[in-house]
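Shown next: work-v2.cif, given as mmCIF, C-alpha atoms.
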```cif
data_data
loop_
_atom_site.label_atom_id
_atom_site.label_comp_id
_atom_site.auth_asym_id
_atom_site.auth_seq_id
_atom_site.Cartn_x
_atom_site.Cartn_y
_atom_site.Cartn_z
CA MET A 1 14.86 -12.20 7.84
CA THR A 2 12.69 -15.33 7.85
CA THR A 3 11.38 -14.48 11.32
CA LYS A 4 10.44 -10.98 10.17
CA VAL A 5 8.59 -12.36 7.17
CA ILE A 6 6.63 -14.78 9.37
CA ILE A 7 5.74 -11.99 11.82
CA TRP A 8 4.55 -9.79 8.96
CA LEU A 9 2.47 -12.60 7.43
CA VAL A 10 0.82 -13.35 10.78
CA ALA A 11 0.15 -9.66 11.46
CA LEU A 12 -1.37 -9.10 8.01
CA THR A 13 -3.52 -12.21 8.34
CA ILE A 14 -4.83 -11.03 11.70
CA ALA A 15 -5.55 -7.57 10.26
CA ALA A 16 -7.36 -9.00 7.23
CA SER A 17 -9.39 -11.30 9.48
CA LEU A 18 -10.35 -8.37 11.69
CA PHE A 19 -11.50 -6.43 8.63
CA ALA A 20 -13.64 -9.42 7.63
CA VAL A 21 -15.17 -9.81 11.10
CA LEU A 22 -16.19 -6.15 11.17
CA ALA A 23 -17.58 -6.41 7.63
CA GLY A 24 -19.56 -9.52 8.52
CA ALA A 25 -21.03 -7.72 11.52
CA GLY A 26 -22.08 -4.83 9.26
CA LEU A 27 -20.09 -2.32 11.30
CA HIS A 28 -19.36 0.22 8.59
CA TRP A 29 -17.83 2.99 10.67
CA PRO A 30 -15.56 0.75 12.82
CA HIS A 31 -14.52 -1.04 9.63
CA ILE A 32 -13.19 2.07 7.90
CA VAL A 33 -11.55 3.28 11.12
CA VAL A 34 -9.68 0.00 11.65
CA CYS A 35 -8.71 -0.14 7.96
CA LEU A 36 -7.23 3.34 8.22
CA ILE A 37 -5.45 2.64 11.51
CA VAL A 38 -3.78 -0.51 10.18
CA ASN A 39 -2.74 1.05 6.87
CA LEU A 40 -1.45 4.22 8.52
CA ALA A 41 0.48 2.10 11.04
CA ILE A 42 2.29 0.52 8.08
CA VAL A 43 2.97 4.01 6.69
CA GLY A 44 4.38 5.01 10.08
CA LEU A 45 6.73 2.02 10.08
CA ALA A 46 7.79 2.84 6.52
CA TRP A 47 8.53 6.45 7.36
CA GLY A 48 10.42 5.43 10.49
CA GLU A 49 12.66 3.06 8.52
CA ASN A 50 12.99 5.66 5.80
CA GLY A 51 14.23 8.26 8.28
CA GLN A 52 16.69 5.82 9.82
CA LEU A 53 18.16 4.96 6.42
CA LEU A 54 18.54 8.65 5.59
CA ARG A 55 20.35 9.30 8.88
CA GLU A 56 22.69 6.38 8.16
CA GLY A 57 23.50 7.80 4.73
CA ALA A 58 21.88 4.95 2.83
CA SER A 59 21.81 4.97 -0.95
CA ARG A 60 18.79 5.61 -3.14
CA ALA A 61 18.74 1.91 -3.94
CA GLU A 62 18.48 0.89 -0.28
CA ILE A 63 15.86 3.52 0.49
CA GLY A 64 13.97 2.68 -2.69
CA ALA A 65 13.98 -1.00 -1.75
CA SER A 66 12.49 -0.15 1.64
CA ASN A 67 9.79 2.02 0.09
CA ALA A 68 8.89 -0.61 -2.50
CA ARG A 69 8.68 -3.31 0.17
CA TYR A 70 6.19 -1.32 2.24
CA MET A 71 4.15 -0.45 -0.84
CA GLY A 72 3.99 -4.14 -1.60
CA THR A 73 2.80 -4.73 1.95
CA ILE A 74 -0.11 -2.31 1.48
CA TRP A 75 -1.10 -3.92 -1.82
CA GLY A 76 -0.77 -7.38 -0.30
CA LEU A 77 -2.92 -6.47 2.69
CA ALA A 78 -5.64 -5.15 0.37
CA ALA A 79 -5.58 -8.38 -1.65
CA LEU A 80 -5.69 -10.57 1.46
CA ALA A 81 -8.44 -8.52 3.12
CA MET A 82 -10.58 -8.62 -0.02
CA ALA A 83 -10.09 -12.37 -0.40
CA VAL A 84 -10.99 -13.15 3.22
CA THR A 85 -13.94 -10.77 3.29
CA TYR A 86 -15.57 -11.91 0.07
CA THR A 87 -14.99 -15.62 0.49
CA ALA A 88 -16.07 -15.77 4.13
CA VAL A 89 -18.66 -13.14 5.03
CA LEU A 90 -19.88 -11.03 2.09
CA GLU A 91 -20.78 -11.69 -1.54
CA TRP A 92 -19.62 -9.58 -4.48
CA ARG A 93 -18.98 -11.02 -7.92
CA GLU A 94 -16.13 -8.70 -8.89
CA TRP A 95 -13.96 -9.26 -5.80
CA TRP A 96 -11.54 -11.72 -7.40
CA HIS A 97 -10.60 -9.31 -10.19
CA PHE A 98 -9.28 -6.87 -7.62
CA VAL A 99 -7.59 -9.55 -5.54
CA ALA A 100 -5.73 -10.82 -8.61
CA GLY A 101 -4.68 -7.31 -9.62
CA PHE A 102 -3.58 -6.30 -6.15
CA ALA A 103 -1.61 -9.53 -5.71
CA VAL A 104 0.25 -8.92 -8.98
CA VAL A 105 1.19 -5.38 -7.96
CA ALA A 106 2.25 -6.60 -4.49
CA ALA A 107 4.49 -9.22 -6.09
CA PHE A 108 5.96 -6.62 -8.45
CA CYS A 109 6.79 -4.28 -5.56
CA THR A 110 8.40 -7.12 -3.62
CA LEU A 111 10.49 -8.19 -6.60
CA LEU A 112 11.51 -4.58 -7.23
CA ALA A 113 12.59 -4.21 -3.61
CA GLY A 114 14.70 -7.35 -3.81
CA MET A 115 16.25 -6.28 -7.11
CA LEU A 116 17.17 -2.83 -5.84
CA TYR A 117 18.74 -4.15 -2.66
CA SER A 118 20.66 -7.00 -4.29
CA ARG A 119 22.07 -4.68 -6.97
CA ARG A 120 22.64 -1.66 -4.75
CA ASN A 121 26.35 -1.65 -5.63
CA GLU A 122 25.76 -1.61 -9.39
CA PRO A 123 25.45 2.16 -10.02
CA VAL A 124 24.54 2.23 -13.69
CA ARG A 125 21.95 -0.54 -13.65
CA VAL A 126 20.36 0.56 -10.37
CA GLY A 127 20.28 4.19 -11.49
CA ARG A 128 18.26 3.18 -14.55
CA ILE A 129 15.85 1.10 -12.47
CA LEU A 130 15.39 3.94 -9.99
CA HIS A 131 14.62 6.39 -12.78
CA TYR A 132 11.68 4.29 -13.95
CA ALA A 133 10.67 3.49 -10.38
CA ARG A 134 10.38 7.22 -9.69
CA LEU A 135 8.10 7.62 -12.69
CA LEU A 136 5.98 4.73 -11.40
CA GLY A 137 5.89 6.46 -8.02
CA TRP A 138 4.42 9.57 -9.62
CA ALA A 139 1.92 7.44 -11.54
CA GLN A 140 0.87 5.63 -8.38
CA LEU A 141 0.49 8.90 -6.47
CA ALA A 142 -1.72 10.34 -9.22
CA ALA A 143 -3.76 7.12 -9.47
CA MET A 144 -4.37 7.02 -5.72
CA ALA A 145 -5.44 10.67 -5.68
CA VAL A 146 -7.92 9.95 -8.49
CA LEU A 147 -9.14 6.84 -6.63
CA LEU A 148 -9.81 8.73 -3.39
CA VAL A 149 -11.63 11.55 -5.14
CA GLY A 150 -13.57 9.07 -7.27
CA LEU A 151 -14.74 7.06 -4.25
CA VAL A 152 -16.06 10.22 -2.63
CA LEU A 153 -17.67 11.70 -5.76
CA ASP A 154 -19.20 8.35 -6.69
CA SER A 155 -20.79 8.18 -3.24
CA LYS A 156 -19.08 4.89 -2.43
CA MET A 157 -18.04 5.79 1.11
CA ASP A 158 -21.07 4.74 3.13
CA ALA A 159 -18.93 4.63 6.28
CA LEU A 160 -18.22 8.35 5.92
CA GLY A 161 -21.91 9.16 5.56
CA ILE A 162 -21.75 10.17 1.90
CA ALA A 163 -23.50 7.20 0.30
CA PRO A 164 -26.84 7.85 -1.44
CA LEU A 165 -29.77 7.89 0.96
CA TYR A 166 -31.52 5.03 -0.85
CA THR A 167 -28.59 2.70 0.00
CA ARG A 168 -28.29 3.55 3.70
CA ASP A 169 -30.63 0.80 4.91
CA ASN A 170 -29.51 -1.76 2.33
CA PRO A 171 -25.94 -0.88 1.26
CA PRO A 172 -24.37 -2.70 -1.72
CA GLN A 173 -22.01 -5.54 -0.85
CA ASP A 174 -18.99 -3.65 -2.15
CA TRP A 175 -19.09 -1.20 0.77
CA ALA A 176 -16.32 -3.12 2.55
CA ALA A 177 -14.23 -3.13 -0.62
CA SER A 178 -14.66 0.64 -0.88
CA ASN A 179 -13.35 1.03 2.67
CA ILE A 180 -10.35 -1.17 1.87
CA PHE A 181 -9.72 0.79 -1.34
CA PHE A 182 -9.96 4.12 0.48
CA ALA A 183 -7.64 3.20 3.37
CA GLY A 184 -5.09 1.47 1.14
CA GLY A 185 -5.23 4.24 -1.45
CA PHE A 186 -4.60 6.90 1.18
CA ALA A 187 -1.65 4.92 2.56
CA LEU A 188 -0.16 4.43 -0.91
CA LEU A 189 -0.57 8.11 -1.69
CA LEU A 190 1.46 8.98 1.42
CA LEU A 191 4.10 6.35 0.67
CA SER A 192 4.41 7.49 -2.95
CA TRP A 193 4.88 11.09 -1.88
CA ARG A 194 7.55 10.11 0.64
CA ALA A 195 9.34 7.87 -1.85
CA ILE A 196 9.55 10.69 -4.40
CA GLN A 197 10.65 13.14 -1.72
CA THR A 198 13.45 10.91 -0.41
CA TYR A 199 14.65 10.17 -3.95
CA ASP A 200 15.14 13.88 -4.48
CA MET A 201 16.77 14.29 -1.05
CA THR A 202 19.37 11.55 -1.56
CA PRO A 203 22.48 12.89 -3.37
CA ASP A 204 23.95 9.66 -4.77
CA ALA A 205 22.06 9.63 -8.04
CA ALA A 206 23.97 6.62 -9.29
CA GLY A 207 22.61 4.51 -6.49
CA GLN A 208 25.98 3.63 -4.95
CA SER A 209 25.63 2.47 -1.35
CA THR A 210 27.03 4.83 1.26
CA THR A 211 25.52 3.17 4.31
CA LYS A 212 28.04 2.60 7.08
CA ARG A 213 27.99 -0.96 8.26
CA ALA A 214 29.17 -2.10 11.66
#
```

Written as C-alpha cells, how would this file's structure read?
Amino acid sequence: MTTKVIIWLVALTIAASLFAVLAGAGLHWPHIVVCLIVNLAIVGLAWGENGQLLREGASRAEIGASNARYMGTIWGLAALAMAVTYTAVLEWREWWHFVAGFAVVAAFCTLLAGMLYSRRNEPVRVGRILHYARLLGWAQLAAMAVLLVGLVLDSKMDALGIAPLYTRDNPPQDWAASNIFFAGGFALLLLSWRAIQTYDMTPDAAGQSTTKRA
C-alpha cells in the first residue's frame, strides 16, 4: 500500500509540474489537452477498478471506497496543480482560496474511502454512510455540470477558442486555472455518474462485503 501511495504522489507531482510548465510557456491549447488526458486517465483507472470489483462481487462499501479514493485523487491533483502553477509561473491573487478548498475536499474523500473500507463489515453503520455519500455524489455531479456550463458561458475557456476577443492577445492569468477546473470538473462528473450507477447496480444495500478473497 505504501508503495502505491508513493507512486501516486510522484505521478501526480509530475503531472502538476507538467501543467505548470505548459502554463508558464503560455501554451493554452496543449495545456487543456494535457489536463484532460491526465484527468481522464485517472477516470479510466477508476472505472477499470470499479469493473473489477463488480465482477468479484464486492460490496457497496468496497466499491464506494474505491470511487471516493479516485475522486479525492482528482481534487488533490487540482489543488497541487493550482499551487505549483500560481507559486512558480503565473500570478493570480485568488489561487490559494481554491487550493485550500480543493485540498479539504480531497482530504474528505480520502477519509471517507478509508472509513468505508475499514467498516465494510458493519452493515448498519456503512449503509447509513453510503446513503449520505450517494446524496453527495448527486450534489457533486450537479455542481460539476453547472461548473462546466458556467466556464463556457462565462467565456473562461480561452484554450477552446471561446474567450472574448479582447482577451485573446492578453489573456487573464486565471486561464490556466480555468483549464484545470474544466478538466477536473469533467472527470468528477464522470466519476460521480459512475459511482451513482454502481451503487444502484450493487444488490447488497446493507453494505455487507461479498468479495471472495483468495

Would you list the contacts of A:Leu191 as number ranges by chain, taking every protein, DNA or RNA residue within 10 Å and counting all atoms listed in the file, but skipping same-chain residues closer than 4 positions in sequence? A: 40, 42-44, 46-47, 67-68, 70-71, 74, 137, 140-141, 185-187, 195-197

Using only C-alpha atoms, the best pick from A:Ala142, A:Ala81, A:Ala103, A:Ala61 as closest to A:Glu122 would be A:Ala61

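Separating atom CA of A:Trp75 from atom CA of A:Gly184 is a distance of 7.3 Å.
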
What does the distance from atom CA of A:Gly24 to atom CA of A:Arg93 come to in Å, to one decimal? 16.5 Å

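Closest approach to A:Asp200 among A:Ala78, A:Ala65, A:Leu130, A:Ala23 is made by A:Leu130 (distances from all atoms listed in the file).
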
Between A:Lys4, A:Leu36, A:Tyr86, A:Ser66, single out the one closest to A:Leu54, counting all atoms listed in the file.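 Going through A:Lys4, A:Leu36, A:Tyr86, A:Ser66 one by one, the smallest distance to A:Leu54 is for A:Ser66.
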
Nearest residue to A:Ala88 out of A:Ala41, A:Ser17, A:Arg128, A:Ser192, using only C-alpha atoms?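 With only C-alpha atoms as the atom set, the closest residue is A:Ser17.
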
Could you state the separation of atom CA of A:Leu116 and atom CA of A:Glu62 in Å, given to one decimal place? 6.8 Å

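Of the residues under consideration (A:Leu45, A:Ala176, A:Ala139, A:Ile7), A:Ala176 shows the shortest atom-to-atom contact distance to A:Val21 when counting only C-alpha atoms.
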
Quick one: everything within 12 Å of A:His97, counting all atoms listed in the file, minus sequence neighbours fewer than 2 positions away in the same chain. Send it as number ranges by chain. A: 79, 82-83, 86, 92-95, 99-104, 177

Based on the selection just made, write C-alpha atoms of those residues as a PDB file, keeping the file's coordinate frame.
```pdb
ATOM      1  CA  ALA A  79      -5.580  -8.380  -1.650  1.00  0.00           C
ATOM      2  CA  MET A  82     -10.580  -8.620  -0.020  1.00  0.00           C
ATOM      3  CA  ALA A  83     -10.090 -12.370  -0.400  1.00  0.00           C
ATOM      4  CA  TYR A  86     -15.570 -11.910   0.070  1.00  0.00           C
ATOM      5  CA  TRP A  92     -19.620  -9.580  -4.480  1.00  0.00           C
ATOM      6  CA  ARG A  93     -18.980 -11.020  -7.920  1.00  0.00           C
ATOM      7  CA  GLU A  94     -16.130  -8.700  -8.890  1.00  0.00           C
ATOM      8  CA  TRP A  95     -13.960  -9.260  -5.800  1.00  0.00           C
ATOM      9  CA  VAL A  99      -7.590  -9.550  -5.540  1.00  0.00           C
ATOM     10  CA  ALA A 100      -5.730 -10.820  -8.610  1.00  0.00           C
ATOM     11  CA  GLY A 101      -4.680  -7.310  -9.620  1.00  0.00           C
ATOM     12  CA  PHE A 102      -3.580  -6.300  -6.150  1.00  0.00           C
ATOM     13  CA  ALA A 103      -1.610  -9.530  -5.710  1.00  0.00           C
ATOM     14  CA  VAL A 104       0.250  -8.920  -8.980  1.00  0.00           C
ATOM     15  CA  ALA A 177     -14.230  -3.130  -0.620  1.00  0.00           C
TER      16      ALA A 177
END
```
